[in-house]
$ cat model_8.csv   # CSV, C-alpha atoms and all ligand atoms
chain,number,residue,atom,x,y,z
A,1,MET,CA,0.0,0.0,0.0
A,2,LEU,CA,2.8,2.4,0.8
A,3,GLU,CA,4.5,1.6,-2.5
A,4,LEU,CA,1.3,2.3,-4.3
A,5,ALA,CA,0.8,5.5,-2.4
A,6,ARG,CA,4.3,6.6,-3.1
A,7,ARG,CA,3.9,6.0,-6.8
A,8,ARG,CA,0.6,8.0,-6.9
A,9,LEU,CA,1.7,10.8,-4.7
A,10,GLY,CA,5.4,11.3,-5.4
A,11,ASP,CA,8.3,11.9,-3.0
A,12,ASP,CA,7.0,15.1,-1.4
A,13,THR,CA,4.2,13.5,0.5
A,14,ALA,CA,4.7,12.2,4.1
A,15,LEU,CA,3.5,8.6,4.4
A,16,HIS,CA,3.1,6.9,7.8
A,17,VAL,CA,2.1,3.4,8.8
A,18,VAL,CA,-0.1,3.4,11.8
A,19,ASN,CA,-2.4,1.1,13.7
A,20,LEU,CA,-5.8,2.7,13.7
A,21,ASN,CA,-6.5,1.3,17.2
A,22,ASP,CA,-3.8,3.6,18.5
A,23,ARG,CA,-3.5,7.3,19.0
A,24,LEU,CA,-2.7,9.0,15.7
A,25,PRO,CA,0.7,10.7,15.5
A,26,PHE,CA,-0.8,14.1,14.4
A,27,ALA,CA,-1.7,17.3,16.1
A,28,ASP,CA,-5.2,18.3,17.0
A,29,GLY,CA,-7.0,19.9,14.0
A,30,ALA,CA,-4.1,19.1,11.6
A,31,PHE,CA,-6.3,18.1,8.6
A,32,ASP,CA,-9.1,19.4,6.4
A,33,ASP,CA,-10.2,15.8,5.5
A,34,VAL,CA,-9.7,12.3,6.6
A,35,VAL,CA,-10.2,9.6,4.0
A,36,ALA,CA,-10.8,6.1,5.4
A,37,SER,CA,-11.2,3.9,2.4
A,38,LEU,CA,-12.4,0.3,3.1
A,39,VAL,CA,-10.6,0.1,6.4
A,40,LEU,CA,-13.0,0.7,9.3
A,41,HIS,CA,-14.6,-2.8,8.8
A,42,TYR,CA,-11.3,-4.4,10.1
A,43,LEU,CA,-11.9,-2.8,13.5
A,44,GLU,CA,-14.0,-4.3,16.2
A,45,ASP,CA,-14.5,-1.0,18.1
A,46,TRP,CA,-14.9,2.1,16.0
A,47,GLY,CA,-15.1,4.4,19.1
A,48,PRO,CA,-11.4,5.2,19.8
A,49,THR,CA,-10.6,5.4,16.1
A,50,LEU,CA,-13.4,7.8,15.2
A,51,ALA,CA,-12.5,9.9,18.3
A,52,GLU,CA,-8.9,10.1,17.0
A,53,MET,CA,-10.1,11.0,13.5
A,54,ARG,CA,-12.3,13.7,14.9
A,55,ARG,CA,-9.4,15.1,17.0
A,56,VAL,CA,-7.0,15.5,14.0
A,57,LEU,CA,-9.7,17.2,11.9
A,58,ARG,CA,-10.0,20.9,11.9
A,59,PRO,CA,-13.4,22.2,13.1
A,60,GLY,CA,-15.8,21.7,10.1
A,61,GLY,CA,-13.4,19.1,8.6
A,62,ARG,CA,-14.8,16.0,6.9
A,63,LEU,CA,-14.4,12.2,7.4
A,64,ILE,CA,-15.0,10.5,4.1
A,65,ALA,CA,-15.3,6.7,4.7
A,66,SER,CA,-16.2,3.6,2.7
A,67,VAL,CA,-16.9,0.2,4.2
A,68,ASN,CA,-18.2,-3.1,3.0
A,69,HIS,CA,-22.0,-2.8,2.9
A,70,PRO,CA,-23.3,-4.6,6.0
A,71,PHE,CA,-26.3,-6.1,4.2
A,72,VAL,CA,-24.0,-8.1,1.9
A,73,GLU,CA,-22.4,-10.2,4.6
A,74,HIS,CA,-25.8,-10.5,6.5
A,75,LEU,CA,-27.5,-11.9,3.4
A,76,ALA,CA,-24.6,-14.3,2.8
A,77,GLN,CA,-25.2,-15.8,6.3
A,78,ASN,CA,-27.8,-18.4,7.2
A,79,PRO,CA,-31.3,-17.1,7.6
A,80,ARG,CA,-31.1,-17.1,11.4
A,81,HIS,CA,-28.1,-14.7,11.5
A,82,ASN,CA,-28.8,-11.8,13.8
A,83,TYR,CA,-28.4,-8.6,11.7
A,84,PHE,CA,-28.1,-6.4,14.8
A,85,THR,CA,-25.1,-8.1,16.4
A,86,THR,CA,-21.6,-7.1,15.6
A,87,THR,CA,-19.7,-10.2,14.5
A,88,SER,CA,-16.4,-11.1,13.0
A,89,TYR,CA,-15.8,-13.2,9.9
A,90,THR,CA,-12.7,-14.2,8.0
A,91,SER,CA,-11.9,-13.6,4.4
A,92,GLU,CA,-8.9,-15.0,2.5
A,93,TRP,CA,-6.8,-12.5,0.7
A,94,THR,CA,-4.1,-13.6,-1.8
A,95,PHE,CA,-1.0,-11.5,-2.5
A,96,ASN,CA,1.8,-12.7,-4.7
A,97,GLY,CA,0.4,-16.2,-4.6
A,98,LYS,CA,0.3,-16.4,-0.8
A,99,SER,CA,-3.0,-16.6,1.1
A,100,PHE,CA,-3.7,-14.5,4.3
A,101,PRO,CA,-6.8,-14.8,6.5
A,102,MET,CA,-8.2,-11.3,7.2
A,103,ILE,CA,-10.6,-10.7,10.1
A,104,LEU,CA,-13.4,-8.3,9.3
A,105,TRP,CA,-16.2,-7.0,11.6
A,106,ARG,CA,-19.8,-6.8,10.3
A,107,ARG,CA,-22.1,-4.4,12.1
A,108,SER,CA,-25.5,-3.0,11.4
A,109,LEU,CA,-26.0,0.3,9.5
A,110,HIS,CA,-27.4,1.7,12.8
A,111,ALA,CA,-24.3,0.7,14.7
A,112,MET,CA,-22.2,2.6,12.1
A,113,THR,CA,-24.2,5.8,12.2
A,114,ASP,CA,-24.4,5.6,16.0
A,115,ALA,CA,-20.6,5.3,16.3
A,116,LEU,CA,-20.2,8.3,14.0
A,117,THR,CA,-22.7,10.5,15.9
A,118,SER,CA,-21.4,9.3,19.3
A,119,ALA,CA,-17.9,10.4,18.2
A,120,GLY,CA,-19.4,13.9,17.6
A,121,PHE,CA,-19.7,13.8,13.8
A,122,ARG,CA,-22.6,15.1,11.9
A,123,LEU,CA,-23.5,12.8,9.0
A,124,THR,CA,-24.0,14.7,5.8
A,125,VAL,CA,-24.0,11.9,3.2
A,126,ILE,CA,-24.8,8.1,3.1
A,127,ASP,CA,-24.2,6.6,-0.3
A,128,GLU,CA,-24.3,3.2,-1.9
A,129,PRO,CA,-22.0,3.7,-4.9
A,130,GLN,CA,-22.1,1.8,-8.1
A,131,PRO,CA,-19.0,1.3,-10.3
A,132,ASP,CA,-17.5,4.4,-11.8
A,133,PRO,CA,-18.8,4.9,-15.3
A,134,ALA,CA,-15.2,4.8,-16.5
A,135,ALA,CA,-15.1,1.1,-15.5
A,136,ARG,CA,-17.6,0.3,-18.2
A,137,GLU,CA,-14.9,0.2,-20.9
A,138,LEU,CA,-12.0,-0.8,-18.7
A,139,PHE,CA,-13.6,-3.8,-17.0
A,140,PRO,CA,-16.8,-4.5,-19.0
A,141,GLU,CA,-17.6,-7.9,-17.4
A,142,ASP,CA,-17.0,-6.7,-13.8
A,143,TYR,CA,-19.0,-3.5,-14.6
A,144,GLN,CA,-22.0,-5.5,-15.8
A,145,ASP,CA,-21.7,-7.9,-12.8
A,146,LEU,CA,-21.3,-5.3,-10.1
A,147,SER,CA,-23.5,-2.5,-11.3
A,148,PRO,CA,-26.8,-4.0,-10.0
A,149,LYS,CA,-25.2,-5.4,-6.8
A,150,LEU,CA,-24.8,-4.0,-3.3
A,151,SER,CA,-21.0,-3.6,-2.6
A,152,PHE,CA,-20.0,-0.6,-0.5
A,153,LEU,CA,-21.4,2.0,1.8
A,154,CYS,CA,-19.9,5.5,1.9
A,155,PHE,CA,-20.2,8.2,4.5
A,156,VAL,CA,-19.3,11.8,4.7
A,157,ALA,CA,-19.4,13.0,8.3
A,158,GLU,CA,-18.4,16.5,9.5
A,159,ALA,CA,-16.5,17.5,12.6
A,160,PRO,CA,-18.5,20.2,14.4
A,161,PRO,CA,-17.6,23.8,13.5
A,162,SER,CA,-15.8,25.7,16.2
A,163,ALA,CA,-17.9,27.8,18.6
A,164,ALA,CA,-16.5,30.9,17.0
A,165,SER,CA,-17.4,29.9,13.4
A,166,SER,CA,-20.9,28.7,14.4
A,167,ASP,CA,-21.6,32.1,16.0
A,168,GLY,CA,-20.6,33.9,12.8
B,1,LIG,C1,-9.1,-3.5,1.7
B,1,LIG,S1,-7.6,-2.7,2.1
B,1,LIG,C2,-8.0,-1.0,1.6
B,1,LIG,C3,-6.8,-0.3,1.1
B,1,LIG,C4,-7.0,1.1,0.5
B,1,LIG,N1,-7.4,2.0,1.6
B,1,LIG,C5,-7.9,1.1,-0.6
B,1,LIG,O1,-9.1,1.6,-0.5
B,1,LIG,O2,-7.6,0.6,-1.7
B,1,LIG,C6,-7.6,-2.6,3.8
B,1,LIG,C7,-6.4,-1.9,4.5
B,1,LIG,O3,-6.7,-1.7,5.8
B,1,LIG,C8,-5.5,-1.9,6.6
B,1,LIG,N2,-5.8,-2.2,8.0
B,1,LIG,C9,-6.5,-3.2,8.5
B,1,LIG,N3,-6.6,-3.1,9.9
B,1,LIG,C10,-5.9,-1.9,10.2
B,1,LIG,C11,-5.6,-1.3,11.4
B,1,LIG,N4,-6.0,-1.7,12.6
B,1,LIG,N5,-4.8,-0.1,11.4
B,1,LIG,C12,-4.4,0.4,10.2
B,1,LIG,N6,-4.7,-0.2,9.0
B,1,LIG,C13,-5.4,-1.4,9.0
B,1,LIG,C14,-4.9,-3.1,5.9
B,1,LIG,O4,-3.5,-3.2,6.2
B,1,LIG,C15,-5.1,-2.8,4.4
B,1,LIG,O5,-4.1,-2.0,3.9

$ encode --input "model_8.csv" --output "C-alpha cells" --more "lines below"
Ligand SMILES: C[S@@+](CC[C@H](N)C(=O)[O-])C[C@H]1O[C@@H](n2cnc3c(N)ncnc32)[C@H](O)[C@@H]1O
Amino acid sequence: MLELARRRLGDDTALHVVNLNDRLPFADGAFDDVVASLVLHYLEDWGPTLAEMRRVLRPGGRLIASVNHPFVEHLAQNPRHNYFTTTSYTSEWTFNGKSFPMILWRRSLHAMTDALTSAGFRLTVIDEPQPDPAARELFPEDYQDLSPKLSFLCFVAEAPPSAASSDG
C-alpha cells in the first residue's frame, strides 16, 4: 500500500504506517479531510478510532469513509443470522500467490451511524455507490456484474464547527 501511495503521490508526500487502534501521530485539527477507504470494517470497536479521526480534523473538517456494505455479509449468512449483532468473519486474501486470513467486523447500519454520531460527527452523506462509469470500458464484465449489486457503503461526516465559526 505504501509503495502504491508513493507511486501515486510522489516523493514530497509524508506517508506513515499506523495502527488505527492507537493514537494517531498528528496534532489536533491538523487536517481538512480524513479519508478512510475500506478500512473501518477491520476494526472491532470504531469508538477510539473515530475519536482520533475527529481530534485530528479541523473544526468543520470531513471524514470520508467507505466500508463493505453490512447487508452483503448478512444476506450471505444463514437465515437465522442476527443482523443487529456485531460479529467477526474471516476472508482469505491472496497477495503474490500467498494466502492470508483477514478478520473483518460486520455491524449494522445503525451501529455505524451511532458510532459516528457518538464520536461527535454530523452525518451529511450516506451513499451506496455503483461502479465508476469509466469502469464500463476498462472492466466490462465486472462492470455488468457489479452495477446492480450492493457492494460498499460510503459516509461523509463533518466534525462540528468551532464555537467561534458557528456564532458567525
Ligand atoms: C481493503 S484494504 C484497503 C486499502 C486502501 N485504503 C484502498 O481503499 O484501496 C484494507 C487496508 O486496511 C488496513 N488495515 C486493517 N486493519 C488496520 C488497522 N488496525 N490499522 C491500520 N490499517 C489497517 C490493511 O493493512 C489494508 O491496507

$ residues_near_ligand --input "model_8.csv" --ligand "ligand LIG 1 (chain B)" --cutoff "8 Å" --atoms "only C-alpha atoms and all ligand atoms" --output "number ranges by chain"
A: 1, 17-21, 36-40, 42-43

$ atom_distance --input "model_8.csv" --atom1 "atom CA of Leu123 of chain A" --atom2 "atom CA of Arg62 of chain A"
9.5 Å

$ closest_residue --input "model_8.csv" --among "A:Gln77, A:Asn82, A:Thr117, A:Thr124" --to "Leu50 of chain A" --atoms "all atoms listed in the file"
A:Thr117

$ residues_around --input "model_8.csv" --residues "Ser118 of chain A" --least-positions-apart "5" --cutoff "9 Å" --atoms "only C-alpha atoms" --output "list in words"
Gly47, Ala51 and Thr113 of chain A

$ write_last_selection --input "model_8.csv" --atoms "C-alpha atoms" --output "compact mmCIF listing (two decimals), in the frame of the given file"
# COMPACT_ATOMS: atom_id res chain seq x y z
CA GLY A 47 -15.10 4.40 19.10
CA ALA A 51 -12.50 9.90 18.30
CA THR A 113 -24.20 5.80 12.20

$ residues_near_point --input "model_8.csv" --point "(-24.4, -0.4, -1.4)" --cutoff "6 Å" --atoms "only C-alpha atoms" --output "list in words"
His69, Glu128, Pro129, Leu150, Ser151, Phe152 and Leu153 of chain A

$ residues_around --input "model_8.csv" --residues "Tyr83 of chain A" --least-positions-apart "4" --cutoff "9 Å" --atoms "all atoms listed in the file" --output "PyMOL selection string"
chain A and resi 70-71+74-75+106-108

$ atom_distance --input "model_8.csv" --atom1 "atom CA of Trp46 of chain A" --atom2 "atom CA of Tyr89 of chain A"
16.5 Å

$ closest_residue --input "model_8.csv" --among "A:Asp45, A:Glu73, A:Asp33, A:Asp127" --to "Leu57 of chain A" --atoms "only C-alpha atoms"
A:Asp33

$ residues_around --input "model_8.csv" --residues "Phe121 of chain A" --least-positions-apart "3" --cutoff "7 Å" --atoms "only C-alpha atoms" --output "compact mmCIF listing (two decimals) with C-alpha atoms, keeping the file's coordinate frame"
# COMPACT_ATOMS: atom_id res chain seq x y z
CA LEU A 116 -20.20 8.30 14.00
CA THR A 117 -22.70 10.50 15.90
CA ALA A 157 -19.40 13.00 8.30
CA GLU A 158 -18.40 16.50 9.50
CA ALA A 159 -16.50 17.50 12.60
CA PRO A 160 -18.50 20.20 14.40

$ atom_distance --input "model_8.csv" --atom1 "atom CA of His16 of chain A" --atom2 "atom CA of Leu2 of chain A"
8.3 Å

$ build_atoms --input "model_8.csv" --residues "segment 13-45 of chain A" --atoms "N, CA and C atoms" --output "CSV table (one decimal), in the coordinates of the input"
chain,number,residue,atom,x,y,z
A,13,THR,N,5.3,13.7,-0.4
A,13,THR,CA,4.2,13.5,0.5
A,13,THR,C,4.6,12.6,1.7
A,14,ALA,N,4.3,13.0,2.9
A,14,ALA,CA,4.7,12.2,4.1
A,14,ALA,C,3.7,11.0,4.1
A,15,LEU,N,4.3,9.8,4.3
A,15,LEU,CA,3.5,8.6,4.4
A,15,LEU,C,3.9,8.0,5.7
A,16,HIS,N,2.9,7.5,6.5
A,16,HIS,CA,3.1,6.9,7.8
A,16,HIS,C,2.3,5.6,7.8
A,17,VAL,N,2.9,4.6,8.5
A,17,VAL,CA,2.1,3.4,8.8
A,17,VAL,C,1.7,3.5,10.2
A,18,VAL,N,0.4,3.4,10.5
A,18,VAL,CA,-0.1,3.4,11.8
A,18,VAL,C,-1.1,2.3,12.1
A,19,ASN,N,-1.3,2.0,13.3
A,19,ASN,CA,-2.4,1.1,13.7
A,19,ASN,C,-3.6,2.0,14.1
A,20,LEU,N,-4.7,1.8,13.5
A,20,LEU,CA,-5.8,2.7,13.7
A,20,LEU,C,-6.5,2.5,15.1
A,21,ASN,N,-6.0,1.4,15.8
A,21,ASN,CA,-6.5,1.3,17.2
A,21,ASN,C,-5.7,2.1,18.2
A,22,ASP,N,-4.6,2.8,17.7
A,22,ASP,CA,-3.8,3.6,18.5
A,22,ASP,C,-4.0,5.1,18.3
A,23,ARG,N,-3.4,5.9,19.2
A,23,ARG,CA,-3.5,7.3,19.0
A,23,ARG,C,-2.7,7.7,17.7
A,24,LEU,N,-3.3,8.6,16.9
A,24,LEU,CA,-2.7,9.0,15.7
A,24,LEU,C,-1.5,10.0,15.9
A,25,PRO,N,-0.4,9.9,15.2
A,25,PRO,CA,0.7,10.7,15.5
A,25,PRO,C,0.6,12.1,14.8
A,26,PHE,N,-0.5,12.8,15.0
A,26,PHE,CA,-0.8,14.1,14.4
A,26,PHE,C,-1.4,15.0,15.4
A,27,ALA,N,-1.2,16.3,15.2
A,27,ALA,CA,-1.7,17.3,16.1
A,27,ALA,C,-3.2,17.5,16.0
A,28,ASP,N,-3.8,18.0,17.0
A,28,ASP,CA,-5.2,18.3,17.0
A,28,ASP,C,-5.5,19.3,15.8
A,29,GLY,N,-6.6,19.0,15.1
A,29,GLY,CA,-7.0,19.9,14.0
A,29,GLY,C,-6.1,20.0,12.8
A,30,ALA,N,-5.2,19.0,12.6
A,30,ALA,CA,-4.1,19.1,11.6
A,30,ALA,C,-4.7,19.0,10.2
A,31,PHE,N,-5.8,18.4,10.0
A,31,PHE,CA,-6.3,18.1,8.6
A,31,PHE,C,-7.7,18.6,8.3
A,32,ASP,N,-7.8,19.0,7.0
A,32,ASP,CA,-9.1,19.4,6.4
A,32,ASP,C,-10.0,18.2,6.3
A,33,ASP,N,-9.5,17.1,5.8
A,33,ASP,CA,-10.2,15.8,5.5
A,33,ASP,C,-9.5,14.6,6.0
A,34,VAL,N,-10.2,13.6,6.4
A,34,VAL,CA,-9.7,12.3,6.6
A,34,VAL,C,-10.4,11.3,5.7
A,35,VAL,N,-9.6,10.6,4.9
A,35,VAL,CA,-10.2,9.6,4.0
A,35,VAL,C,-9.9,8.2,4.6
A,36,ALA,N,-11.0,7.4,4.9
A,36,ALA,CA,-10.8,6.1,5.4
A,36,ALA,C,-11.4,5.1,4.4
A,37,SER,N,-10.6,4.6,3.5
A,37,SER,CA,-11.2,3.9,2.4
A,37,SER,C,-11.1,2.4,2.7
A,38,LEU,N,-12.3,1.8,2.9
A,38,LEU,CA,-12.4,0.3,3.1
A,38,LEU,C,-11.5,-0.2,4.2
A,39,VAL,N,-11.4,0.5,5.3
A,39,VAL,CA,-10.6,0.1,6.4
A,39,VAL,C,-11.3,-0.1,7.8
A,40,LEU,N,-12.4,0.7,8.0
A,40,LEU,CA,-13.0,0.7,9.3
A,40,LEU,C,-13.6,-0.7,9.6
A,41,HIS,N,-14.0,-1.5,8.5
A,41,HIS,CA,-14.6,-2.8,8.8
A,41,HIS,C,-13.6,-3.8,9.3
A,42,TYR,N,-12.3,-3.5,9.4
A,42,TYR,CA,-11.3,-4.4,10.1
A,42,TYR,C,-11.2,-4.1,11.6
A,43,LEU,N,-12.0,-3.1,12.1
A,43,LEU,CA,-11.9,-2.8,13.5
A,43,LEU,C,-13.1,-3.2,14.3
A,44,GLU,N,-12.8,-3.9,15.4
A,44,GLU,CA,-14.0,-4.3,16.2
A,44,GLU,C,-14.7,-3.1,16.8
A,45,ASP,N,-13.9,-2.2,17.4
A,45,ASP,CA,-14.5,-1.0,18.1
A,45,ASP,C,-14.2,0.3,17.3
